[in-house]
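Participant: This is entry.pdb, which holds PDB, C-alpha atoms:
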ATOM      1  CA  MET A1138      -2.420 -54.394  27.859
ATOM      2  CA  ARG A1139       0.114 -52.077  26.318
ATOM      3  CA  SER A1140      -0.466 -48.376  27.070
ATOM      4  CA  ARG A1141      -1.017 -46.055  24.166
ATOM      5  CA  THR A1142       2.074 -44.125  23.059
ATOM      6  CA  ARG A1143       1.862 -40.468  23.981
ATOM      7  CA  THR A1144       2.193 -37.832  21.279
ATOM      8  CA  PRO A1145       4.931 -35.186  21.608
ATOM      9  CA  ALA A1146       2.254 -32.645  22.569
ATOM     10  CA  GLN A1147       0.975 -34.914  25.332
ATOM     11  CA  ARG A1148       4.499 -35.460  26.632
ATOM     12  CA  LEU A1149       5.034 -31.696  26.661
ATOM     13  CA  LYS A1150       1.798 -31.190  28.619
ATOM     14  CA  LEU A1151       2.962 -33.802  31.118
ATOM     15  CA  ARG A1152       6.285 -32.004  31.607
ATOM     16  CA  LEU A1153       4.415 -28.742  32.155
ATOM     17  CA  SER A1154       1.868 -30.258  34.531
ATOM     18  CA  LYS A1155       3.214 -28.360  37.537
ATOM     19  CA  ARG A1156       3.019 -25.019  35.762
ATOM     20  CA  ALA A1157       0.051 -22.658  35.893
ATOM     21  CA  PRO A1158      -2.702 -23.415  33.336
ATOM     22  CA  LYS A1159      -2.166 -19.991  31.744
ATOM     23  CA  THR A1160       1.533 -20.753  31.224
ATOM     24  CA  VAL A1161       0.744 -24.127  29.638
ATOM     25  CA  HIS A1162      -1.857 -22.468  27.402
ATOM     26  CA  ASN A1163       0.659 -19.867  26.224
ATOM     27  CA  VAL A1164       3.372 -22.455  25.486
ATOM     28  CA  LEU A1165       0.974 -24.644  23.503
ATOM     29  CA  THR A1166      -0.374 -21.634  21.602
ATOM     30  CA  VAL A1167       3.134 -20.635  20.506
ATOM     31  CA  LEU A1168       3.985 -24.225  19.543
ATOM     32  CA  ASN A1169       0.761 -24.580  17.545
ATOM     33  CA  THR A1170       1.442 -21.339  15.685
ATOM     34  CA  MET A1171       5.044 -22.350  14.911
ATOM     35  CA  LEU A1172       3.973 -25.713  13.514
ATOM     36  CA  LYS A1173       1.371 -24.116  11.260
ATOM     37  CA  VAL A1174       3.973 -21.666   9.954
ATOM     38  CA  VAL A1175       6.522 -24.361   9.089
ATOM     39  CA  VAL A1176       3.801 -26.292   7.246
ATOM     40  CA  GLU A1177       2.881 -23.126   5.356
ATOM     41  CA  TRP A1178       6.553 -22.604   4.474
ATOM     42  CA  SER A1179       6.784 -26.243   3.294
ATOM     43  CA  VAL A1180       9.450 -27.100   5.859
ATOM     44  CA  ILE A1181       7.298 -30.099   6.797
ATOM     45  CA  GLU A1182       4.426 -31.631   4.845
ATOM     46  CA  ARG A1183       1.803 -31.708   7.575
ATOM     47  CA  LEU A1184       1.242 -31.176  11.272
ATOM     48  CA  PRO A1185       2.859 -34.023  13.222
ATOM     49  CA  CYS A1186       0.006 -34.014  15.746
ATOM     50  CA  SER A1187      -3.000 -32.012  16.838
ATOM     51  CA  ILE A1188      -2.575 -29.728  19.833
ATOM     52  CA  ARG A1189      -5.446 -29.213  22.232
ATOM     53  CA  LEU A1190      -5.052 -26.005  24.156
ATOM     54  CA  VAL A1191      -5.628 -25.873  27.890
ATOM     55  CA  ARG A1192      -8.727 -23.976  28.890
ATOM     56  CA  THR A1193      -8.052 -21.169  31.326
ATOM     57  CA  ALA A1194     -10.425 -18.987  33.281
ATOM     58  CA  LYS A1195     -10.355 -15.349  32.283
ATOM     59  CA  PRO A1196      -8.963 -13.278  35.160
ATOM     60  CA  SER A1197     -11.225 -10.693  36.699
ATOM     61  CA  ALA A1198     -10.233  -7.158  35.813
ATOM     62  CA  GLY A1199      -9.108  -5.014  38.729
ATOM     63  CA  PHE A1200     -10.631  -1.533  38.666
ATOM     64  CA  HIS A1201     -11.299   1.484  40.900
ATOM     65  CA  ASP A1202     -14.823   2.034  42.176
ATOM     66  CA  PHE A1203     -16.295   5.517  41.754
ATOM     67  CA  ASP A1204     -15.064   6.878  45.097
ATOM     68  CA  ALA A1205     -11.576   5.423  44.666
ATOM     69  CA  PHE A1206     -11.273   6.882  41.171
ATOM     70  CA  ASP A1207     -12.345  10.306  42.437
ATOM     71  CA  ARG A1208      -9.619  10.095  45.092
ATOM     72  CA  LEU A1209      -7.108   9.047  42.449
ATOM     73  CA  VAL A1210      -7.985  12.018  40.227
ATOM     74  CA  GLN A1211      -7.756  14.357  43.210
ATOM     75  CA  ALA A1212      -4.340  12.960  44.182
ATOM     76  CA  ALA A1213      -3.101  13.319  40.597
ATOM     77  CA  THR A1214      -4.326  16.921  40.526
ATOM     78  CA  GLU A1215      -2.458  17.656  43.752
ATOM     79  CA  LEU A1216       0.724  16.192  42.257
ATOM     80  CA  GLY A1217       0.217  18.517  39.300
ATOM     81  CA  GLY A1218       1.982  18.526  35.968
ATOM     82  CA  VAL A1219       0.995  15.717  33.649
ATOM     83  CA  HIS A1220      -0.349  13.435  36.418
ATOM     84  CA  PRO A1221      -4.075  14.312  36.089
ATOM     85  CA  VAL A1222      -3.888  14.113  32.297
ATOM     86  CA  ILE A1223      -2.437  10.590  32.389
ATOM     87  CA  VAL A1224      -4.943   9.361  34.985
ATOM     88  CA  LEU A1225      -7.927  10.791  33.097
ATOM     89  CA  LEU A1226      -6.745   9.625  29.674
ATOM     90  CA  GLY A1227      -6.720   6.101  31.064
ATOM     91  CA  GLY A1228      -9.673   6.198  33.464
ATOM     92  CA  ALA A1229     -12.042   8.608  31.691
ATOM     93  CA  ALA A1230     -11.189   7.833  28.046
ATOM     94  CA  GLY A1231      -9.975   4.225  28.201
ATOM     95  CA  LEU A1232      -6.622   4.728  26.465
ATOM     96  CA  ARG A1233      -4.046   1.957  26.648
ATOM     97  CA  LEU A1234      -0.536   2.731  27.904
ATOM     98  CA  GLY A1235       0.935   2.974  24.402
ATOM     99  CA  GLU A1236      -1.968   5.163  23.264
ATOM    100  CA  ILE A1237      -1.403   7.561  26.172
ATOM    101  CA  MET A1238       2.268   7.823  25.243
ATOM    102  CA  ALA A1239       1.609   8.414  21.526
ATOM    103  CA  LEU A1240      -1.304  10.870  21.816
ATOM    104  CA  GLU A1241      -0.517  14.164  20.071
ATOM    105  CA  TRP A1242      -2.125  17.584  20.428
ATOM    106  CA  GLY A1243      -3.370  17.238  16.856
ATOM    107  CA  ASP A1244      -5.493  14.319  18.069
ATOM    108  CA  VAL A1245      -7.253  16.494  20.641
ATOM    109  CA  ASP A1246     -10.317  18.499  19.556
ATOM    110  CA  VAL A1247     -11.392  20.538  22.575
ATOM    111  CA  ALA A1248     -14.162  22.308  20.604
ATOM    112  CA  LYS A1249     -15.786  18.962  19.724
ATOM    113  CA  ARG A1250     -14.719  17.452  23.066
ATOM    114  CA  GLN A1251     -13.269  14.485  21.225
ATOM    115  CA  LEU A1252     -10.052  12.469  21.022
ATOM    116  CA  CYS A1253      -8.850  10.681  17.905
ATOM    117  CA  ILE A1254      -6.924   7.561  18.916
ATOM    118  CA  GLN A1255      -4.881   6.695  15.844
ATOM    119  CA  ARG A1256      -1.455   5.591  17.069
ATOM    120  CA  SER A1257       0.261   3.681  19.835
ATOM    121  CA  GLU A1258       3.872   3.271  20.952
ATOM    122  CA  TRP A1259       5.516   0.036  21.981
ATOM    123  CA  LYS A1260       9.228  -0.051  22.868
ATOM    124  CA  GLY A1261      10.029   2.961  20.716
ATOM    125  CA  HIS A1262       7.961   1.842  17.713
ATOM    126  CA  VAL A1263       4.862   3.840  16.766
ATOM    127  CA  THR A1264       2.103   1.724  15.245
ATOM    128  CA  THR A1265      -1.651   1.788  14.815
ATOM    129  CA  PRO A1266      -3.694   1.012  17.950
ATOM    130  CA  LYS A1267      -4.374  -2.586  18.864
ATOM    131  CA  GLY A1268      -6.954  -3.841  16.404
ATOM    132  CA  GLY A1269      -5.448  -1.879  13.529
ATOM    133  CA  ARG A1270      -7.975   0.946  13.314
ATOM    134  CA  LEU A1271      -8.439   4.390  14.786
ATOM    135  CA  ARG A1272     -11.362   5.321  17.028
ATOM    136  CA  TYR A1273     -12.958   8.501  18.323
ATOM    137  CA  VAL A1274     -13.637   8.938  22.029
ATOM    138  CA  PRO A1275     -15.766  11.787  23.445
ATOM    139  CA  MET A1276     -14.135  13.528  26.405
ATOM    140  CA  THR A1277     -15.619  13.998  29.863
ATOM    141  CA  GLU A1278     -15.747  17.451  31.441
ATOM    142  CA  ARG A1279     -12.891  16.539  33.797
ATOM    143  CA  LEU A1280     -10.671  15.425  30.938
ATOM    144  CA  VAL A1281     -11.418  18.564  28.914
ATOM    145  CA  ALA A1282     -10.526  20.704  31.950
ATOM    146  CA  ALA A1283      -7.295  18.781  32.585
ATOM    147  CA  LEU A1284      -6.165  19.106  28.959
ATOM    148  CA  THR A1285      -7.114  22.783  28.818
ATOM    149  CA  GLN A1286      -5.124  23.533  31.958
ATOM    150  CA  HIS A1287      -2.211  21.363  30.851
ATOM    151  CA  PRO A1288       0.290  23.637  29.099
ATOM    152  CA  HIS A1289       1.031  23.059  25.417
ATOM    153  CA  LEU A1290       4.753  22.531  25.721
ATOM    154  CA  LYS A1291       7.431  22.197  23.069
ATOM    155  CA  GLY A1292       6.606  18.656  22.019
ATOM    156  CA  ARG A1293       3.871  17.381  19.701
ATOM    157  CA  ARG A1294       2.802  14.850  22.269
ATOM    158  CA  VAL A1295       0.358  15.554  25.085
ATOM    159  CA  VAL A1296       2.393  13.578  27.633
ATOM    160  CA  CYS A1297       5.935  14.935  27.497
ATOM    161  CA  HIS A1298       8.657  16.723  29.474
ATOM    162  CA  ALA A1299       9.013  20.494  29.680
ATOM    163  CA  SER A1300      11.784  20.132  27.118
ATOM    164  CA  GLY A1301       9.418  18.371  24.722
ATOM    165  CA  GLY A1302      10.897  14.905  25.178
ATOM    166  CA  SER A1303       8.515  11.958  25.166
ATOM    167  CA  PHE A1304       7.668   9.944  28.258
ATOM    168  CA  THR A1305       8.864   6.353  28.410
ATOM    169  CA  MET A1306       6.608   3.508  29.458
ATOM    170  CA  LYS A1307       8.195   3.452  32.923
ATOM    171  CA  MET A1308       7.645   7.193  33.377
ATOM    172  CA  VAL A1309       3.931   6.841  32.680
ATOM    173  CA  GLN A1310       3.706   3.847  35.018
ATOM    174  CA  ASP A1311       5.573   5.735  37.763
ATOM    175  CA  ALA A1312       3.234   8.725  37.416
ATOM    176  CA  VAL A1313       0.184   6.516  37.922
ATOM    177  CA  ARG A1314       1.853   4.708  40.814
ATOM    178  CA  ARG A1315       2.640   7.980  42.590
ATOM    179  CA  ALA A1316      -0.965   9.135  42.273
ATOM    180  CA  ALA A1317      -2.282   5.743  43.434
ATOM    181  CA  GLN A1318      -0.048   5.714  46.496
ATOM    182  CA  ARG A1319      -1.035   9.268  47.386
ATOM    183  CA  ALA A1320      -4.732   8.394  47.001
ATOM    184  CA  LYS A1321      -4.239   5.114  48.929
ATOM    185  CA  VAL A1322      -6.116   3.054  46.353
ATOM    186  CA  THR A1323      -5.626  -0.667  45.792
ATOM    187  CA  HIS A1324      -4.660  -0.810  42.123
ATOM    188  CA  GLU A1325      -1.511   1.003  40.982
ATOM    189  CA  GLY A1326      -1.229  -0.182  37.376
ATOM    190  CA  VAL A1327      -1.970   1.831  34.251
ATOM    191  CA  HIS A1328      -4.194  -0.912  32.813
ATOM    192  CA  ALA A1329      -6.440  -0.711  35.896
ATOM    193  CA  LEU A1330      -7.419   2.736  34.601
ATOM    194  CA  ARG A1331      -8.678   1.222  31.345
ATOM    195  CA  HIS A1332     -10.547  -1.450  33.298
ATOM    196  CA  THR A1333     -12.049   1.362  35.375
ATOM    197  CA  PHE A1334     -13.258   3.135  32.232
ATOM    198  CA  CYS A1335     -15.004   0.024  30.904
ATOM    199  CA  SER A1336     -16.352  -1.000  34.314
ATOM    200  CA  HIS A1337     -17.825   2.422  35.066
ATOM    201  CA  LEU A1338     -19.542   2.503  31.672
ATOM    202  CA  ALA A1339     -21.087  -0.910  32.346
ATOM    203  CA  MET A1340     -22.141   0.106  35.852
ATOM    204  CA  ARG A1341     -23.833   3.210  34.450
ATOM    205  CA  GLY A1342     -25.800   1.059  32.011
ATOM    206  CA  ALA A1343     -23.912   1.639  28.740
ATOM    207  CA  PRO A1344     -24.666  -0.998  26.059
ATOM    208  CA  ALA A1345     -21.967  -3.567  25.361
ATOM    209  CA  MET A1346     -21.535  -2.420  21.749
ATOM    210  CA  ALA A1347     -20.964   1.191  22.858
ATOM    211  CA  ILE A1348     -18.286   0.075  25.336
ATOM    212  CA  LYS A1349     -16.680  -2.068  22.638
ATOM    213  CA  GLU A1350     -16.394   0.891  20.250
ATOM    214  CA  LEU A1351     -15.154   3.362  22.884
ATOM    215  CA  ALA A1352     -12.535   0.957  24.245
ATOM    216  CA  GLY A1353     -11.464  -0.281  20.813
ATOM    217  CA  HIS A1354     -12.003  -3.948  21.643
ATOM    218  CA  GLN A1355     -11.504  -6.290  18.706
ATOM    219  CA  ASP A1356     -14.006  -8.824  19.956
ATOM    220  CA  LEU A1357     -17.285  -8.402  21.834
ATOM    221  CA  SER A1358     -16.274 -11.259  24.140
ATOM    222  CA  THR A1359     -13.644  -8.943  25.649
ATOM    223  CA  THR A1360     -16.324  -6.362  26.402
ATOM    224  CA  GLN A1361     -18.593  -9.000  27.936
ATOM    225  CA  ARG A1362     -16.122  -9.335  30.817
ATOM    226  CA  TYR A1363     -17.524  -6.094  32.179
ATOM    227  CA  MET A1364     -21.245  -6.592  31.595
ATOM    228  CA  HIS A1365     -21.859  -8.490  34.847
ATOM    229  CA  LEU A1366     -21.243  -5.135  36.528
ATOM    230  CA  SER A1367     -24.346  -3.632  34.919
ATOM    231  CA  PRO A1368     -26.995  -3.799  37.669
ATOM    232  CA  ALA A1369     -29.490  -1.939  35.491
ATOM    233  CA  ALA A1370     -29.357  -4.565  32.753
ATOM    234  CA  ILE A1371     -29.611  -7.424  35.245
ATOM    235  CA  ASP A1372     -32.438  -5.742  37.146
ATOM    236  CA  ASP A1373     -34.358  -5.024  33.922
ATOM    237  CA  ALA A1374     -34.055  -8.672  32.925
ATOM    238  CA  ILE A1375     -35.503  -9.895  36.230
ATOM    239  CA  ARG A1376     -38.275  -7.289  36.087
ATOM    240  CA  LEU A1377     -39.500  -9.026  32.923
ATOM    241  CA  LEU A1378     -40.668 -11.825  35.188
ATOM    242  CA  ASP A1379     -42.747  -9.346  37.223
ATOM    243  CA  ARG A1380     -44.676  -8.035  34.231
ATOM    244  CA  ARG A1381     -48.167  -9.430  34.442
ATOM    245  CA  GLY A1382     -50.638  -7.088  32.760
ATOM    246  CA  ASN A1383     -52.722  -9.032  30.260
ATOM    247  CA  THR A1384     -50.367 -11.999  30.121
ATOM    248  CA  PRO A1385     -52.447 -15.146  30.784
ATOM    249  CA  THR A1386     -51.426 -17.595  33.454
ATOM    250  CA  PHE A1387     -50.004 -20.950  32.471
ATOM    251  CA  GLY A1388     -53.275 -22.623  33.519
ATOM    252  CA  GLU A1389     -55.299 -20.254  31.339
ATOM    253  CA  MET A1390     -53.043 -20.966  28.356
ATOM    254  CA  LEU A1391     -53.529 -24.696  28.822
ATOM    255  CA  GLU A1392     -57.308 -24.243  28.906
ATOM    256  CA  THR A1393     -57.443 -22.125  25.730
ATOM    257  CA  GLY A1394     -54.914 -24.168  23.773
ATOM    258  CA  PRO A1395     -51.884 -23.413  21.544
ATOM    259  CA  THR A1396     -53.450 -20.230  20.091
ATOM    260  CA  ALA A1397     -53.350 -18.451  23.419
ATOM    261  CA  ILE A1398     -49.767 -19.603  24.026
ATOM    262  CA  SER A1399     -48.560 -18.256  20.685
ATOM    263  CA  LYS A1400     -50.368 -14.927  21.200
ATOM    264  CA  SER A1401     -48.800 -14.456  24.622
ATOM    265  CA  HIS A1402     -45.348 -14.508  23.010
ATOM    266  CA  GLN A1403     -46.114 -12.072  20.213
TER     267      GLN A1403
END
Show me this structure written as structure tokens.

Facilitator:
Amino acid sequence: MRSRTRTPAQRLKLRLSKRAPKTVHNVLTVLNTMLKVVVEWSVIERLPCSIRLVRTAKPSAGFHDFDAFDRLVQAATELGGVHPVIVLLGGAAGLRLGEIMALEWGDVDVAKRQLCIQRSEWKGHVTTPKGGRLRYVPMTERLVAALTQHPHLKGRRVVCHASGGSFTMKMVQDAVRRAAQRAKVTHEGVHALRHTFCSHLAMRGAPAMAIKELAGHQDLSTTQRYMHLSPAAIDDAIRLLDRRGNTPTFGEMLETGPTAISKSHQ
């Protein structure tokens, strides 16, 4: 029996079979997007084939536990300068790297203890934050103290040189790395600070929607990555099974019929 002819997409998947699933997923996503664009531009009449993306497991987010983050903040404070501000903007306010770089003093309201996150920088280009909308983030006491003690230098930006020049992406990353190495913590990346912010909120019992708004997530599914860390929510759910009170047993409900069953769920 003659084997079925493979589609170009299937042949591409076969060629990529030794690559990581995430890599294959990314390649197919780009190809799928390109094909849809050329159809939209009338370069071709229709899609030559359907492309099924490869499912990939979402990676777990590395973050600092409470003790490790305290050590990181202490190490950043000992290094001085802009180090504690960068660490706390990421770990206590959830700012992304580009948002840390683009934050201006006009976005900081110490009286209201609030940050307005309305811009981000990527490779020299200033844009709106990811998701296309600004957000307001209340500041912790430690962040307020760090910003108050941080001198207002010549530049508009919070994170800048003494001359007023802006920090590059590498400079921010190096500052976090220096603090992480001094504190002897596992994660040295800037994005681990944002994961720490979301994880600590979940561990303290913050609702998923509140975390979503504070972090500026576009989709609630992104926020849900952190909710398994909420022991309070999980414990409360299990405790529902321990509530007895006036709830009839299953045997009693069978004896009294459907009316008792419906009342027990009201």

Participant: May I ask for the distance between CA of Thr1333 in chain A and CA of Leu1225 in chain A, given in Å to one decimal place?

Facilitator: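 Straight-line distance from CA of Thr1333 in chain A to CA of Leu1225 in chain A works out to 10.5 Å.
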
Participant: What does the distance between CA of Thr1305 in chain A and CA of Val1210 in chain A come to in Å, to one decimal place?

Facilitator: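 Rounded to one decimal, the two atoms are 21.3 Å apart.
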
Participant: Which of these residues is nearest to Met1340 in chain A, using only C-alpha atoms: A:Ser1300, A:Ser1367, A:Thr1265, A:Gln1147?

Facilitator: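 Distance minimum relative to Met1340 in chain A lands on A:Ser1367.
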
Participant: Could you list, with a cut-off of 9 Å and counting only C-alpha atoms, the residues of range 1187-1285 of chain A near range 1346-1363 of chain A, each shown with its nearest atom pair and the distance in Å rounded to one decimal, rows sorted by chain and ascending number, as a tab-separated table?

Facilitator:
residue	atom	partner	partner_atom	distance
A:Lys1195	CA	A:Arg1362	CA	8.5
A:Ser1197	CA	A:Arg1362	CA	7.8
A:Ala1198	CA	A:Arg1362	CA	8.0
A:Ala1230	CA	A:Leu1351	CA	7.9
A:Gly1231	CA	A:Ala1352	CA	5.7
A:Leu1232	CA	A:Ala1352	CA	7.4
A:Arg1233	CA	A:Ala1352	CA	8.9
A:Pro1266	CA	A:Gly1353	CA	8.4
A:Lys1267	CA	A:Gly1353	CA	7.7
A:Gly1268	CA	A:Gln1355	CA	5.7
A:Arg1270	CA	A:Gly1353	CA	8.4
A:Leu1271	CA	A:Gly1353	CA	8.2
A:Arg1272	CA	A:Gly1353	CA	6.8
A:Tyr1273	CA	A:Leu1351	CA	7.2
A:Val1274	CA	A:Leu1351	CA	5.8
A:Pro1275	CA	A:Leu1351	CA	8.5

Participant: Name the residues that the PyMOL selection byres ((chain A and resi 1208) around 10) picks from the file above, as a ChimeraX atom specification, using the file's chain letters and numbers.

Facilitator: /A:1201,1203-1207,1209-1214,1316-1317,1319-1322

Participant: Find, counting all atoms listed in the file, the residue in A:Leu1226, A:Ala1345, A:Leu1240, A:Val1327 that gets nearest to Leu1280 in chain A.

Facilitator: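 Ranked by minimum distance to Leu1280 in chain A, first place goes to A:Leu1226.
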
Participant: What separation in Å, quoted to one decimal, exists between CA of Arg1293 in chain A and CA of Glu1241 in chain A?

Facilitator: 5.5 Å

Participant: Which residues are close to range 1153-1170 of chain A, i.e. within 12 Å by all atoms listed in the file, leaving aside same-chain residues fewer than 3 positions away? Reply as a ChimeraX atom specification.

Facilitator: /A:1145-1150,1173-1177,1184-1196

Participant: Selection in question (the file shown): the PyMOL selection byres ((chain A and resi 1219) around 8). Which residues does it include, as an mmCIF file with C-alpha atoms, in the coordinates of the input?

Facilitator:
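expr12.cif, written as the output of this step:
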data_model
loop_
_atom_site.group_PDB
_atom_site.id
_atom_site.type_symbol
_atom_site.label_atom_id
_atom_site.label_comp_id
_atom_site.auth_asym_id
_atom_site.auth_seq_id
_atom_site.Cartn_x
_atom_site.Cartn_y
_atom_site.Cartn_z
ATOM 1 C CA GLY A 1217 0.217 18.517 39.300
ATOM 2 C CA GLY A 1218 1.982 18.526 35.968
ATOM 3 C CA HIS A 1220 -0.349 13.435 36.418
ATOM 4 C CA PRO A 1221 -4.075 14.312 36.089
ATOM 5 C CA VAL A 1222 -3.888 14.113 32.297
ATOM 6 C CA ILE A 1223 -2.437 10.590 32.389
ATOM 7 C CA HIS A 1287 -2.211 21.363 30.851
ATOM 8 C CA VAL A 1296 2.393 13.578 27.633
ATOM 9 C CA CYS A 1297 5.935 14.935 27.497
#

Participant: Looking at only C-alpha atoms, which of A:Pro1368, A:Gly1228, A:Gly1235, A:Gly1243 is the one that sits closest to Gly1261 in chain A?

Facilitator: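 Using only C-alpha atoms, the shortest distance to Gly1261 in chain A belongs to A:Gly1235.
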
Participant: Spell out the residues picked by the PyMOL selection byres ((chain A and resi 1294) around 10) here, as a count of residues only.

Facilitator: 21
